[in-house]
Structures are given as C-alpha cells and as structure tokens.
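Text of coords.pdb (PDB, C-alpha atoms and all ligand atoms) as supplied:
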ATOM      1  CA  MET T  47      30.949 -12.210  18.515  1.00  0.00           C
ATOM      2  CA  GLU T  48      29.346 -15.567  17.808  1.00  0.00           C
ATOM      3  CA  HIS T  49      25.871 -15.736  19.349  1.00  0.00           C
ATOM      4  CA  ARG T  50      22.603 -17.557  18.834  1.00  0.00           C
ATOM      5  CA  GLY T  51      20.418 -16.354  15.988  1.00  0.00           C
ATOM      6  CA  PHE T  52      17.009 -14.926  16.744  1.00  0.00           C
ATOM      7  CA  THR T  53      14.327 -12.785  15.154  1.00  0.00           C
ATOM      8  CA  ILE T  54      12.736  -9.712  16.651  1.00  0.00           C
ATOM      9  CA  TRP T  55       9.374  -9.254  15.016  1.00  0.00           C
ATOM     10  CA  PHE T  56       7.767  -5.833  15.294  1.00  0.00           C
ATOM     11  CA  THR T  57       4.069  -5.496  14.615  1.00  0.00           C
ATOM     12  CA  GLY T  58       1.768  -2.503  14.898  1.00  0.00           C
ATOM     13  CA  LEU T  59      -0.193   0.091  12.964  1.00  0.00           C
ATOM     14  CA  SER T  60       1.384   2.435  10.452  1.00  0.00           C
ATOM     15  CA  GLY T  61       3.023   5.247  12.410  1.00  0.00           C
ATOM     16  CA  ALA T  62       2.974   3.239  15.644  1.00  0.00           C
ATOM     17  CA  GLY T  63       6.764   3.566  15.987  1.00  0.00           C
ATOM     18  CA  LYS T  64       8.128   0.262  14.636  1.00  0.00           C
ATOM     19  CA  SER T  65      10.892   1.790  12.487  1.00  0.00           C
ATOM     20  CA  THR T  66      11.807   4.395  15.087  1.00  0.00           C
ATOM     21  CA  ILE T  67      12.255   1.822  17.850  1.00  0.00           C
ATOM     22  CA  ALA T  68      13.860  -0.743  15.523  1.00  0.00           C
ATOM     23  CA  ASP T  69      16.516   1.786  14.409  1.00  0.00           C
ATOM     24  CA  ILE T  70      17.488   2.468  18.032  1.00  0.00           C
ATOM     25  CA  LEU T  71      17.500  -1.234  18.785  1.00  0.00           C
ATOM     26  CA  VAL T  72      19.882  -1.904  15.878  1.00  0.00           C
ATOM     27  CA  GLU T  73      22.364   0.557  17.391  1.00  0.00           C
ATOM     28  CA  LYS T  74      22.080  -0.999  20.828  1.00  0.00           C
ATOM     29  CA  LEU T  75      22.592  -4.512  19.472  1.00  0.00           C
ATOM     30  CA  ARG T  76      25.600  -3.492  17.366  1.00  0.00           C
ATOM     31  CA  ALA T  77      27.096  -1.842  20.442  1.00  0.00           C
ATOM     32  CA  ARG T  78      26.861  -5.292  22.070  1.00  0.00           C
ATOM     33  CA  ASP T  79      28.696  -6.827  19.085  1.00  0.00           C
ATOM     34  CA  ILE T  80      25.596  -8.623  17.812  1.00  0.00           C
ATOM     35  CA  LYS T  81      25.273  -9.111  14.032  1.00  0.00           C
ATOM     36  CA  VAL T  82      22.013  -7.455  12.998  1.00  0.00           C
ATOM     37  CA  GLU T  83      19.993  -7.179   9.798  1.00  0.00           C
ATOM     38  CA  LEU T  84      16.883  -5.008   9.711  1.00  0.00           C
ATOM     39  CA  LEU T  85      14.069  -5.777   7.291  1.00  0.00           C
ATOM     40  CA  ASP T  86      11.954  -2.665   7.378  1.00  0.00           C
ATOM     41  CA  GLY T  87       8.516  -2.998   5.803  1.00  0.00           C
ATOM     42  CA  ASP T  88       8.817   0.132   3.688  1.00  0.00           C
ATOM     43  CA  VAL T  89      12.274  -0.828   2.420  1.00  0.00           C
ATOM     44  CA  VAL T  90      11.206  -4.404   1.633  1.00  0.00           C
ATOM     45  CA  ARG T  91       8.273  -3.129  -0.410  1.00  0.00           C
ATOM     46  CA  THR T  92      10.657  -1.179  -2.652  1.00  0.00           C
ATOM     47  CA  ASN T  93      12.824  -4.190  -3.494  1.00  0.00           C
ATOM     48  CA  LEU T  94      12.141  -7.734  -2.269  1.00  0.00           C
ATOM     49  CA  SER T  95       8.372  -7.200  -2.539  1.00  0.00           C
ATOM     50  CA  LYS T  96       8.275  -4.574  -5.273  1.00  0.00           C
ATOM     51  CA  GLY T  97       5.007  -4.762  -7.191  1.00  0.00           C
ATOM     52  CA  LEU T  98       2.959  -6.241  -4.389  1.00  0.00           C
ATOM     53  CA  GLY T  99      -0.164  -4.402  -3.255  1.00  0.00           C
ATOM     54  CA  PHE T 100      -2.222  -4.398  -0.093  1.00  0.00           C
ATOM     55  CA  SER T 101      -4.808  -7.118  -0.703  1.00  0.00           C
ATOM     56  CA  LYS T 102      -4.849  -9.841   1.955  1.00  0.00           C
ATOM     57  CA  GLU T 103      -3.072 -12.127  -0.498  1.00  0.00           C
ATOM     58  CA  ASP T 104      -0.287  -9.653  -1.285  1.00  0.00           C
ATOM     59  CA  ARG T 105       0.136  -8.692   2.366  1.00  0.00           C
ATOM     60  CA  ASP T 106       0.528 -12.357   3.251  1.00  0.00           C
ATOM     61  CA  ILE T 107       3.123 -12.914   0.509  1.00  0.00           C
ATOM     62  CA  ASN T 108       5.056  -9.852   1.713  1.00  0.00           C
ATOM     63  CA  ILE T 109       5.116 -11.033   5.321  1.00  0.00           C
ATOM     64  CA  ARG T 110       6.024 -14.590   4.338  1.00  0.00           C
ATOM     65  CA  ARG T 111       8.985 -13.252   2.341  1.00  0.00           C
ATOM     66  CA  ILE T 112      10.218 -11.182   5.272  1.00  0.00           C
ATOM     67  CA  ALA T 113       9.745 -14.169   7.574  1.00  0.00           C
ATOM     68  CA  PHE T 114      11.675 -16.433   5.215  1.00  0.00           C
ATOM     69  CA  VAL T 115      14.649 -14.071   5.097  1.00  0.00           C
ATOM     70  CA  CYS T 116      14.508 -13.751   8.903  1.00  0.00           C
ATOM     71  CA  HIS T 117      14.539 -17.531   9.086  1.00  0.00           C
ATOM     72  CA  LEU T 118      17.647 -17.751   6.880  1.00  0.00           C
ATOM     73  CA  LEU T 119      19.460 -15.125   8.935  1.00  0.00           C
ATOM     74  CA  THR T 120      18.415 -16.627  12.253  1.00  0.00           C
ATOM     75  CA  ARG T 121      19.719 -20.057  11.360  1.00  0.00           C
ATOM     76  CA  ASN T 122      23.071 -18.428  10.516  1.00  0.00           C
ATOM     77  CA  ASN T 123      23.340 -16.931  13.995  1.00  0.00           C
ATOM     78  CA  VAL T 124      22.374 -13.434  12.963  1.00  0.00           C
ATOM     79  CA  CYS T 125      19.796 -11.257  14.717  1.00  0.00           C
ATOM     80  CA  ALA T 126      17.083 -10.485  12.160  1.00  0.00           C
ATOM     81  CA  ILE T 127      14.603  -7.713  12.794  1.00  0.00           C
ATOM     82  CA  GLY T 128      11.316  -7.581  10.901  1.00  0.00           C
ATOM     83  CA  ALA T 129       9.469  -4.279  11.127  1.00  0.00           C
ATOM     84  CA  ALA T 130       6.302  -4.371   9.055  1.00  0.00           C
ATOM     85  CA  ILE T 131       2.663  -3.838  10.038  1.00  0.00           C
ATOM     86  CA  SER T 132       2.023  -7.593   9.687  1.00  0.00           C
ATOM     87  CA  PRO T 133      -1.667  -7.221  10.520  1.00  0.00           C
ATOM     88  CA  TYR T 134      -2.659 -10.887  10.532  1.00  0.00           C
ATOM     89  CA  ARG T 135      -2.134 -13.022  13.612  1.00  0.00           C
ATOM     90  CA  SER T 136      -2.066 -16.294  11.711  1.00  0.00           C
ATOM     91  CA  ILE T 137       0.780 -15.224   9.431  1.00  0.00           C
ATOM     92  CA  ARG T 138       2.794 -13.914  12.387  1.00  0.00           C
ATOM     93  CA  ASP T 139       2.244 -17.231  14.126  1.00  0.00           C
ATOM     94  CA  GLU T 140       3.361 -19.008  10.974  1.00  0.00           C
ATOM     95  CA  ALA T 141       6.568 -16.931  11.043  1.00  0.00           C
ATOM     96  CA  ARG T 142       7.070 -17.823  14.707  1.00  0.00           C
ATOM     97  CA  ALA T 143       6.687 -21.534  13.961  1.00  0.00           C
ATOM     98  CA  MET T 144       9.132 -21.423  11.046  1.00  0.00           C
ATOM     99  CA  ILE T 145      11.781 -19.316  12.796  1.00  0.00           C
ATOM    100  CA  GLY T 146      11.681 -20.717  16.319  1.00  0.00           C
ATOM    101  CA  ASN T 147      13.789 -18.123  18.169  1.00  0.00           C
ATOM    102  CA  PHE T 148      11.121 -15.485  17.808  1.00  0.00           C
ATOM    103  CA  VAL T 149      10.552 -12.398  19.909  1.00  0.00           C
ATOM    104  CA  GLU T 150       7.311 -10.651  19.021  1.00  0.00           C
ATOM    105  CA  VAL T 151       7.188  -6.954  19.865  1.00  0.00           C
ATOM    106  CA  PHE T 152       3.792  -5.306  19.760  1.00  0.00           C
ATOM    107  CA  VAL T 153       4.158  -1.568  19.248  1.00  0.00           C
ATOM    108  CA  SER T 154       0.947  -0.534  20.917  1.00  0.00           C
ATOM    109  CA  THR T 155      -0.151   2.910  19.811  1.00  0.00           C
ATOM    110  CA  PRO T 156      -3.825   3.852  19.660  1.00  0.00           C
ATOM    111  CA  LEU T 157      -5.156   4.506  16.161  1.00  0.00           C
ATOM    112  CA  GLU T 158      -6.057   8.073  17.160  1.00  0.00           C
ATOM    113  CA  GLU T 159      -2.434   8.728  18.113  1.00  0.00           C
ATOM    114  CA  CYS T 160      -1.092   7.226  14.859  1.00  0.00           C
ATOM    115  CA  GLU T 161      -3.570   9.379  12.976  1.00  0.00           C
ATOM    116  CA  LYS T 162      -2.521  12.460  14.888  1.00  0.00           C
ATOM    117  CA  ARG T 163       1.155  11.773  14.091  1.00  0.00           C
ATOM    118  CA  ASP T 164       0.346  10.902  10.470  1.00  0.00           C
ATOM    119  CA  VAL T 165       4.082  10.748   9.697  1.00  0.00           C
ATOM    120  CA  LYS T 166       3.592  10.033   6.005  1.00  0.00           C
ATOM    121  CA  GLY T 167       0.234  11.732   5.477  1.00  0.00           C
ATOM    122  CA  LEU T 168      -1.308   8.351   4.710  1.00  0.00           C
ATOM    123  CA  TYR T 169      -4.131   8.481   7.263  1.00  0.00           C
ATOM    124  CA  ALA T 170      -5.425  11.730   5.781  1.00  0.00           C
ATOM    125  CA  LYS T 171      -5.410  10.105   2.348  1.00  0.00           C
ATOM    126  CA  ALA T 172      -7.151   7.000   3.681  1.00  0.00           C
ATOM    127  CA  ARG T 173      -9.836   9.107   5.410  1.00  0.00           C
ATOM    128  CA  ALA T 174     -10.329  11.034   2.182  1.00  0.00           C
ATOM    129  CA  GLY T 175     -10.842   7.745   0.352  1.00  0.00           C
ATOM    130  CA  GLU T 176      -7.751   8.259  -1.793  1.00  0.00           C
ATOM    131  CA  LEU T 177      -6.061   5.212  -0.287  1.00  0.00           C
ATOM    132  CA  LYS T 178      -7.986   1.983   0.004  1.00  0.00           C
ATOM    133  CA  GLN T 179      -7.310  -0.997   2.257  1.00  0.00           C
ATOM    134  CA  PHE T 180      -5.437   1.058   4.818  1.00  0.00           C
ATOM    135  CA  THR T 181      -4.756  -0.856   8.028  1.00  0.00           C
ATOM    136  CA  GLY T 182      -6.836   0.469  10.907  1.00  0.00           C
ATOM    137  CA  ILE T 183      -9.143   2.461   8.632  1.00  0.00           C
ATOM    138  CA  ASP T 184     -10.706   0.055   6.171  1.00  0.00           C
ATOM    139  CA  ASP T 185      -8.470  -2.982   6.660  1.00  0.00           C
ATOM    140  CA  PRO T 186      -8.063  -5.130   9.785  1.00  0.00           C
ATOM    141  CA  TYR T 187      -5.294  -5.160  12.353  1.00  0.00           C
ATOM    142  CA  GLU T 188      -5.192  -8.144  14.698  1.00  0.00           C
ATOM    143  CA  GLU T 189      -3.309  -7.429  17.917  1.00  0.00           C
ATOM    144  CA  PRO T 190      -0.984 -10.174  19.159  1.00  0.00           C
ATOM    145  CA  LEU T 191      -2.377 -12.215  22.048  1.00  0.00           C
ATOM    146  CA  ASN T 192       0.921 -13.140  23.701  1.00  0.00           C
ATOM    147  CA  PRO T 193       3.725 -10.887  22.476  1.00  0.00           C
ATOM    148  CA  GLU T 194       7.044 -11.142  24.319  1.00  0.00           C
ATOM    149  CA  VAL T 195       7.180  -7.338  24.611  1.00  0.00           C
ATOM    150  CA  VAL T 196       4.602  -4.567  24.376  1.00  0.00           C
ATOM    151  CA  CYS T 197       5.807  -1.005  23.762  1.00  0.00           C
ATOM    152  CA  PHE T 198       3.322   1.622  24.924  1.00  0.00           C
ATOM    153  CA  THR T 199       4.570   4.541  22.859  1.00  0.00           C
ATOM    154  CA  THR T 200       2.292   7.144  24.424  1.00  0.00           C
ATOM    155  CA  GLU T 201       3.859   6.378  27.811  1.00  0.00           C
ATOM    156  CA  GLU T 202       7.447   5.452  26.889  1.00  0.00           C
ATOM    157  CA  THR T 203      10.116   7.188  24.841  1.00  0.00           C
ATOM    158  CA  PRO T 204      11.508   5.200  21.868  1.00  0.00           C
ATOM    159  CA  GLU T 205      14.713   4.832  23.888  1.00  0.00           C
ATOM    160  CA  GLN T 206      12.819   3.295  26.829  1.00  0.00           C
ATOM    161  CA  SER T 207      10.979   0.927  24.490  1.00  0.00           C
ATOM    162  CA  ALA T 208      14.280  -0.200  22.949  1.00  0.00           C
ATOM    163  CA  ASP T 209      15.739  -0.741  26.431  1.00  0.00           C
ATOM    164  CA  LYS T 210      12.709  -2.805  27.373  1.00  0.00           C
ATOM    165  CA  ILE T 211      13.304  -5.039  24.358  1.00  0.00           C
ATOM    166  CA  MET T 212      17.019  -5.347  25.225  1.00  0.00           C
ATOM    167  CA  GLY T 213      15.980  -6.414  28.736  1.00  0.00           C
ATOM    168  CA  LYS T 214      13.764  -9.146  27.358  1.00  0.00           C
ATOM    169  CA  LEU T 215      16.489 -10.366  24.977  1.00  0.00           C
ATOM    170  CA  ASP T 216      18.886 -10.558  27.892  1.00  0.00           C
ATOM    171  CA  GLU T 217      16.316 -12.442  29.971  1.00  0.00           C
ATOM    172  CA  LEU T 218      15.817 -14.913  27.111  1.00  0.00           C
ATOM    173  CA  GLY T 219      19.586 -15.453  26.865  1.00  0.00           C
ATOM    174  CA  TYR T 220      19.944 -14.127  23.324  1.00  0.00           C
ATOM    175  CA  LEU T 221      22.675 -11.602  24.139  1.00  0.00           C
ATOM    176  CA  ALA T 222      25.115 -14.117  25.550  1.00  0.00           C
ATOM    177  CA  PRO T 223      28.069 -15.392  23.497  1.00  0.00           C
ATOM    178  CA  LEU T 224      27.896 -18.943  22.181  1.00  0.00           C
ATOM    179  CA  SER T 225      30.394 -21.068  24.021  1.00  0.00           C
TER     180      SER T 225
HETATM  181  P1  LIG A 301       6.033   2.752  11.823  1.00  0.00           P
HETATM  182  O1  LIG A 301       7.378   2.218  11.439  1.00  0.00           O
HETATM  183  O2  LIG A 301       5.357   1.920  12.879  1.00  0.00           O
HETATM  184  O3  LIG A 301       5.138   3.034  10.661  1.00  0.00           O
HETATM  185  P2  LIG A 301       7.486   5.158  12.407  1.00  0.00           P
HETATM  186  O4  LIG A 301       8.554   4.734  13.346  1.00  0.00           O
HETATM  187  O5  LIG A 301       7.831   5.359  10.960  1.00  0.00           O
HETATM  188  O6  LIG A 301       6.254   4.147  12.556  1.00  0.00           O
HETATM  189  O7  LIG A 301       6.832   6.501  12.912  1.00  0.00           O
HETATM  190  C1  LIG A 301       6.498   6.713  14.278  1.00  0.00           C
HETATM  191  C2  LIG A 301       6.463   8.205  14.555  1.00  0.00           C
HETATM  192  O8  LIG A 301       6.031   8.402  15.904  1.00  0.00           O
HETATM  193  C3  LIG A 301       7.829   8.846  14.417  1.00  0.00           C
HETATM  194  O9  LIG A 301       7.671  10.126  13.832  1.00  0.00           O
HETATM  195  C4  LIG A 301       8.291   8.954  15.878  1.00  0.00           C
HETATM  196  O10 LIG A 301       9.181  10.030  16.076  1.00  0.00           O
HETATM  197  C5  LIG A 301       6.973   9.211  16.596  1.00  0.00           C
HETATM  198  N1  LIG A 301       6.970   8.815  18.014  1.00  0.00           N
HETATM  199  C6  LIG A 301       6.590   9.607  19.038  1.00  0.00           C
HETATM  200  N2  LIG A 301       6.722   8.983  20.220  1.00  0.00           N
HETATM  201  C7  LIG A 301       7.186   7.754  19.958  1.00  0.00           C
HETATM  202  C8  LIG A 301       7.550   6.646  20.784  1.00  0.00           C
HETATM  203  N3  LIG A 301       7.430   6.695  22.115  1.00  0.00           N
HETATM  204  N4  LIG A 301       7.999   5.524  20.190  1.00  0.00           N
HETATM  205  C9  LIG A 301       8.124   5.469  18.827  1.00  0.00           C
HETATM  206  N5  LIG A 301       7.806   6.487  17.993  1.00  0.00           N
HETATM  207  C10 LIG A 301       7.352   7.626  18.542  1.00  0.00           C
END
Step by step, read the file and then write its structure as structure tokens.
Amino acid sequence: MEHRGFTIWFTGLSGAGKSTIADILVEKLRARDIKVELLDGDVVRTNLSKGLGFSKEDRDINIRRIAFVCHLLTRNNVCAIGAAISPYRSIRDEARAMIGNFVEVFVSTPLEECEKRDVKGLYAKARAGELKQFTGIDDPYEEPLNPEVVCFTTEETPEQSADKIMGKLDELGYLAPLS
C-alpha cells in the first residue's frame, strides 16, 4: 500500500521496553500493509555506528545517523522506527525538525524498574563501576516534554502500549492510504 512516510521515535532508559514494544509495533504495522524499517539502537551500534562510544559527542553522532536514515525512509513513504535511548532532548528535537512527520514515543519506566529488570546485566555493571557513562546512573537522561505518546510500562502490557501507539498513528492520519 502507498501511504505517507513517517517516523516513530522511541526514547527511554535502557531496559525501559523500547525494543519490546517496537517489535510488536512492526508486526501490527505490517499487518496493516505499511512498509516498515526498524532502526534498533543496539543493532545500529553493531553496524552503522560501529566504533562509536558513549561520550556525549559519540551519542549525538549515533542519534544523528539514525535520524538521517529515518529522514531518508520517511521521504520515500516508508514508516521508519528509531528505538535508541536518545537521552538528549535537543538532538531529538533536531531529528523532529529534520524529519517532519515525527511521532515521539516516550517509554516511561522508572529507573528502579529498569534496574530490577536488568535485561542485559548492564545496570549491575554500571553500579559496580565497570561500565562508565551509563544513562540513568552516571549519565543524563532528559525526558521529552511533549511526546505524542507515553507508554507506562509498569501499568500497561507491551501489547497495550503498541495498541496505544497505533491509535495515535490512526488519529494523526498516518495509517490511511495515499490517494
Ligand atoms: P530497551 O529496548 O528499552 O532497552 P528492552 O525492550 O530490550 O528495553 O527490554 C525491556 C524488558 O522489559 C524486556 O525484557 C520486556 O520483556 C520487559 N517488560 C516488562 N513489562 C514490559 C512492558 N509493559 N513493556 C515493555 N517491556 C516490558
């Protein structure tokens, strides 16, 4: 189906649930015949951004690269999904300005909950001082001020969060065919 391009931009702490919700969302969009490309932060860091670290400078380069690819996809009428921590508000806003059709999704999970989940064991390492510049521990995370969607993962299932995002996309007219 030919439809308008748009970018869904996930932001949130490590372990908040960005990848989990994004994966479900991809399935839901494909079921609606929407062309989707997911740029997952962890995957991007192993190829497009291989070699980059976690200094503010490197984080900004990483996010700008993801945003640029999202921009290219969006202008070709594809749905691009970015799912990286993207801790800095100014860089997210820069992505929004470049891309235009931008739906920011804040995956709101308290730090304590992310730490309890500790999916990849990274929080334990950060607390032990083995990992430096870890977002939420010894590196900043700036919450979005006006995200289009907020997913409260301690109160919603991933499925409910994905449905909430689908509802917003529908409301914004992104799921309709181009005539
Ligand atoms: P991120 O991509 O933000 O680093 P992940 O999606 O990799 O986070 O990990 C989130 C973890 O939290 C997964 O193990 C997931 O199963 C779990 N989880 C529990 N409840 C939820 C929820 N409501 N939404 C999303 N993830 C959840």
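When CA of Gly51 in chain T is paired with CA of Ile70 in chain T, their separation reads 19.2 Å.
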Taking the file as I've supplied it (selection: the PyMOL selection byres (((chain T and resi 101-104) around 10) and not hetatm)), which residues are included? Please answer as a PyMOL selection string.
chain T and resi 95+97-100+105-110+133-134+178-180+185-186
So what do you get for CA of Asp216 in chain T versus CA of Val195 in chain T, distance-wise?
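Those two atoms sit 12.6 Å apart.
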Report the closest atom pair, with its distance in Å rounded to one decimal, for each residue of chain T that has an atom no farther than 7 Å from ligand LIG 301 (chain A); count all atoms listed in the file, sort by chain and then rising residue number, and write it as a tab-separated table.
residue	atom	partner	partner_atom	distance
T:Gly58	CA	A:LIG301	O2	6.0
T:Leu59	CA	A:LIG301	O2	5.8
T:Ser60	CA	A:LIG301	O3	3.8
T:Gly61	CA	A:LIG301	O6	3.4
T:Ala62	CA	A:LIG301	O2	3.9
T:Gly63	CA	A:LIG301	O4	3.4
T:Lys64	CA	A:LIG301	O2	3.7
T:Ser65	CA	A:LIG301	O1	3.7
T:Thr66	CA	A:LIG301	O4	3.7
T:Ile67	CA	A:LIG301	C9	5.6
T:Ala129	CA	A:LIG301	O1	6.8
T:Ile131	CA	A:LIG301	O2	7.0
T:Arg163	CA	A:LIG301	O8	6.2
T:Val165	CA	A:LIG301	O9	5.5
T:Thr199	CA	A:LIG301	N3	3.7
T:Thr200	CA	A:LIG301	N3	5.7
T:Glu201	CA	A:LIG301	N3	6.7
T:Glu202	CA	A:LIG301	N3	4.9
T:Thr203	CA	A:LIG301	N3	3.9
T:Pro204	CA	A:LIG301	N4	3.9
T:Ser207	CA	A:LIG301	N4	7.0
Any chance you could work out the axis-aligned box around range 80-95 of chain T, listed atoms only, 3 Å on each side, giving centre and edge lengths in Å to one decimal, as lines of an AutoDock Vina configuration file?
center_x = 16.9
center_y = -4.5
center_z = 7.2
size_x = 23.3
size_y = 15.2
size_z = 27.3
Might you pull out every residue within 12 Å of Leu221 in chain T, with only C-alpha atoms counted and same-chain residues fewer than 2 positions away left off, and present them as a PyMOL selection string?
chain T and resi 47-52+74-82+123-125+211-219+223-224
Export of range 151-176 of chain T: N, CA, C and O atoms, as a PDB file, in the first residue's frame:
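For reference, result.pdb as written:
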ATOM      1  N   VAL T 151       7.705   8.734  20.985  1.00  0.00           N
ATOM      2  CA  VAL T 151       7.102   7.823  21.964  1.00  0.00           C
ATOM      3  C   VAL T 151       8.042   7.709  23.157  1.00  0.00           C
ATOM      4  O   VAL T 151       9.164   7.195  23.038  1.00  0.00           O
ATOM      5  N   PHE T 152       7.590   8.213  24.285  1.00  0.00           N
ATOM      6  CA  PHE T 152       8.400   8.129  25.497  1.00  0.00           C
ATOM      7  C   PHE T 152       8.035   6.849  26.241  1.00  0.00           C
ATOM      8  O   PHE T 152       6.900   6.683  26.680  1.00  0.00           O
ATOM      9  N   VAL T 153       8.990   5.928  26.323  1.00  0.00           N
ATOM     10  CA  VAL T 153       8.762   4.699  27.068  1.00  0.00           C
ATOM     11  C   VAL T 153       9.163   4.985  28.517  1.00  0.00           C
ATOM     12  O   VAL T 153      10.341   5.034  28.867  1.00  0.00           O
ATOM     13  N   SER T 154       8.125   5.276  29.296  1.00  0.00           N
ATOM     14  CA  SER T 154       8.331   5.761  30.653  1.00  0.00           C
ATOM     15  C   SER T 154       8.363   4.601  31.641  1.00  0.00           C
ATOM     16  O   SER T 154       7.338   4.007  31.950  1.00  0.00           O
ATOM     17  N   THR T 155       9.557   4.284  32.071  1.00  0.00           N
ATOM     18  CA  THR T 155       9.763   3.207  33.044  1.00  0.00           C
ATOM     19  C   THR T 155      10.713   3.750  34.102  1.00  0.00           C
ATOM     20  O   THR T 155      11.796   4.229  33.754  1.00  0.00           O
ATOM     21  N   PRO T 156      10.313   3.715  35.365  1.00  0.00           N
ATOM     22  CA  PRO T 156      11.198   4.241  36.403  1.00  0.00           C
ATOM     23  C   PRO T 156      12.548   3.524  36.402  1.00  0.00           C
ATOM     24  O   PRO T 156      12.609   2.314  36.127  1.00  0.00           O
ATOM     25  N   LEU T 157      13.587   4.276  36.716  1.00  0.00           N
ATOM     26  CA  LEU T 157      14.943   3.708  36.763  1.00  0.00           C
ATOM     27  C   LEU T 157      14.990   2.457  37.635  1.00  0.00           C
ATOM     28  O   LEU T 157      15.604   1.453  37.261  1.00  0.00           O
ATOM     29  N   GLU T 158      14.317   2.491  38.773  1.00  0.00           N
ATOM     30  CA  GLU T 158      14.337   1.344  39.691  1.00  0.00           C
ATOM     31  C   GLU T 158      13.797   0.089  38.998  1.00  0.00           C
ATOM     32  O   GLU T 158      14.298  -1.014  39.221  1.00  0.00           O
ATOM     33  N   GLU T 159      12.768   0.281  38.185  1.00  0.00           N
ATOM     34  CA  GLU T 159      12.173  -0.860  37.471  1.00  0.00           C
ATOM     35  C   GLU T 159      13.147  -1.386  36.406  1.00  0.00           C
ATOM     36  O   GLU T 159      13.335  -2.597  36.261  1.00  0.00           O
ATOM     37  N   CYS T 160      13.765  -0.461  35.659  1.00  0.00           N
ATOM     38  CA  CYS T 160      14.743  -0.880  34.636  1.00  0.00           C
ATOM     39  C   CYS T 160      15.877  -1.651  35.291  1.00  0.00           C
ATOM     40  O   CYS T 160      16.369  -2.655  34.765  1.00  0.00           O
ATOM     41  N   GLU T 161      16.290  -1.155  36.465  1.00  0.00           N
ATOM     42  CA  GLU T 161      17.384  -1.794  37.188  1.00  0.00           C
ATOM     43  C   GLU T 161      16.981  -3.169  37.696  1.00  0.00           C
ATOM     44  O   GLU T 161      17.781  -4.110  37.690  1.00  0.00           O
ATOM     45  N   LYS T 162      15.738  -3.275  38.112  1.00  0.00           N
ATOM     46  CA  LYS T 162      15.234  -4.563  38.589  1.00  0.00           C
ATOM     47  C   LYS T 162      15.195  -5.576  37.438  1.00  0.00           C
ATOM     48  O   LYS T 162      15.590  -6.725  37.577  1.00  0.00           O
ATOM     49  N   ARG T 163      14.736  -5.105  36.262  1.00  0.00           N
ATOM     50  CA  ARG T 163      14.686  -5.989  35.083  1.00  0.00           C
ATOM     51  C   ARG T 163      16.105  -6.388  34.674  1.00  0.00           C
ATOM     52  O   ARG T 163      16.371  -7.522  34.367  1.00  0.00           O
ATOM     53  N   ASP T 164      16.962  -5.389  34.626  1.00  0.00           N
ATOM     54  CA  ASP T 164      18.358  -5.523  34.175  1.00  0.00           C
ATOM     55  C   ASP T 164      18.555  -6.613  33.116  1.00  0.00           C
ATOM     56  O   ASP T 164      19.376  -7.535  33.277  1.00  0.00           O
ATOM     57  N   VAL T 165      17.804  -6.449  32.006  1.00  0.00           N
ATOM     58  CA  VAL T 165      17.769  -7.425  30.916  1.00  0.00           C
ATOM     59  C   VAL T 165      19.163  -7.875  30.470  1.00  0.00           C
ATOM     60  O   VAL T 165      19.398  -9.044  30.222  1.00  0.00           O
ATOM     61  N   LYS T 166      20.073  -6.910  30.354  1.00  0.00           N
ATOM     62  CA  LYS T 166      21.395  -7.264  29.819  1.00  0.00           C
ATOM     63  C   LYS T 166      22.480  -7.264  30.887  1.00  0.00           C
ATOM     64  O   LYS T 166      23.679  -7.328  30.550  1.00  0.00           O
ATOM     65  N   GLY T 167      22.080  -7.115  32.139  1.00  0.00           N
ATOM     66  CA  GLY T 167      23.075  -7.098  33.224  1.00  0.00           C
ATOM     67  C   GLY T 167      23.928  -5.844  33.254  1.00  0.00           C
ATOM     68  O   GLY T 167      24.965  -5.791  33.919  1.00  0.00           O
ATOM     69  N   LEU T 168      23.491  -4.813  32.514  1.00  0.00           N
ATOM     70  CA  LEU T 168      24.324  -3.615  32.390  1.00  0.00           C
ATOM     71  C   LEU T 168      24.238  -2.712  33.621  1.00  0.00           C
ATOM     72  O   LEU T 168      25.214  -2.049  33.985  1.00  0.00           O
ATOM     73  N   TYR T 169      23.063  -2.671  34.251  1.00  0.00           N
ATOM     74  CA  TYR T 169      22.926  -1.821  35.446  1.00  0.00           C
ATOM     75  C   TYR T 169      23.846  -2.307  36.567  1.00  0.00           C
ATOM     76  O   TYR T 169      24.485  -1.505  37.242  1.00  0.00           O
ATOM     77  N   ALA T 170      23.904  -3.622  36.738  1.00  0.00           N
ATOM     78  CA  ALA T 170      24.779  -4.183  37.774  1.00  0.00           C
ATOM     79  C   ALA T 170      26.228  -3.780  37.509  1.00  0.00           C
ATOM     80  O   ALA T 170      26.950  -3.357  38.416  1.00  0.00           O
ATOM     81  N   LYS T 171      26.614  -3.854  36.231  1.00  0.00           N
ATOM     82  CA  LYS T 171      27.982  -3.462  35.865  1.00  0.00           C
ATOM     83  C   LYS T 171      28.218  -1.975  36.118  1.00  0.00           C
ATOM     84  O   LYS T 171      29.271  -1.568  36.584  1.00  0.00           O
ATOM     85  N   ALA T 172      27.208  -1.164  35.771  1.00  0.00           N
ATOM     86  CA  ALA T 172      27.336   0.283  35.963  1.00  0.00           C
ATOM     87  C   ALA T 172      27.446   0.613  37.448  1.00  0.00           C
ATOM     88  O   ALA T 172      28.276   1.425  37.861  1.00  0.00           O
ATOM     89  N   ARG T 173      26.629  -0.030  38.274  1.00  0.00           N
ATOM     90  CA  ARG T 173      26.668   0.186  39.729  1.00  0.00           C
ATOM     91  C   ARG T 173      28.005  -0.246  40.309  1.00  0.00           C
ATOM     92  O   ARG T 173      28.509   0.333  41.262  1.00  0.00           O
ATOM     93  N   ALA T 174      28.577  -1.288  39.712  1.00  0.00           N
ATOM     94  CA  ALA T 174      29.870  -1.791  40.194  1.00  0.00           C
ATOM     95  C   ALA T 174      31.031  -0.950  39.665  1.00  0.00           C
ATOM     96  O   ALA T 174      32.189  -1.193  40.004  1.00  0.00           O
ATOM     97  N   GLY T 175      30.713   0.022  38.815  1.00  0.00           N
ATOM     98  CA  GLY T 175      31.752   0.898  38.282  1.00  0.00           C
ATOM     99  C   GLY T 175      32.496   0.288  37.105  1.00  0.00           C
ATOM    100  O   GLY T 175      33.491   0.839  36.633  1.00  0.00           O
ATOM    101  N   GLU T 176      31.998  -0.853  36.619  1.00  0.00           N
ATOM    102  CA  GLU T 176      32.676  -1.497  35.484  1.00  0.00           C
ATOM    103  C   GLU T 176      32.285  -0.870  34.158  1.00  0.00           C
ATOM    104  O   GLU T 176      32.943  -1.065  33.145  1.00  0.00           O
TER     105      GLU T 176
END
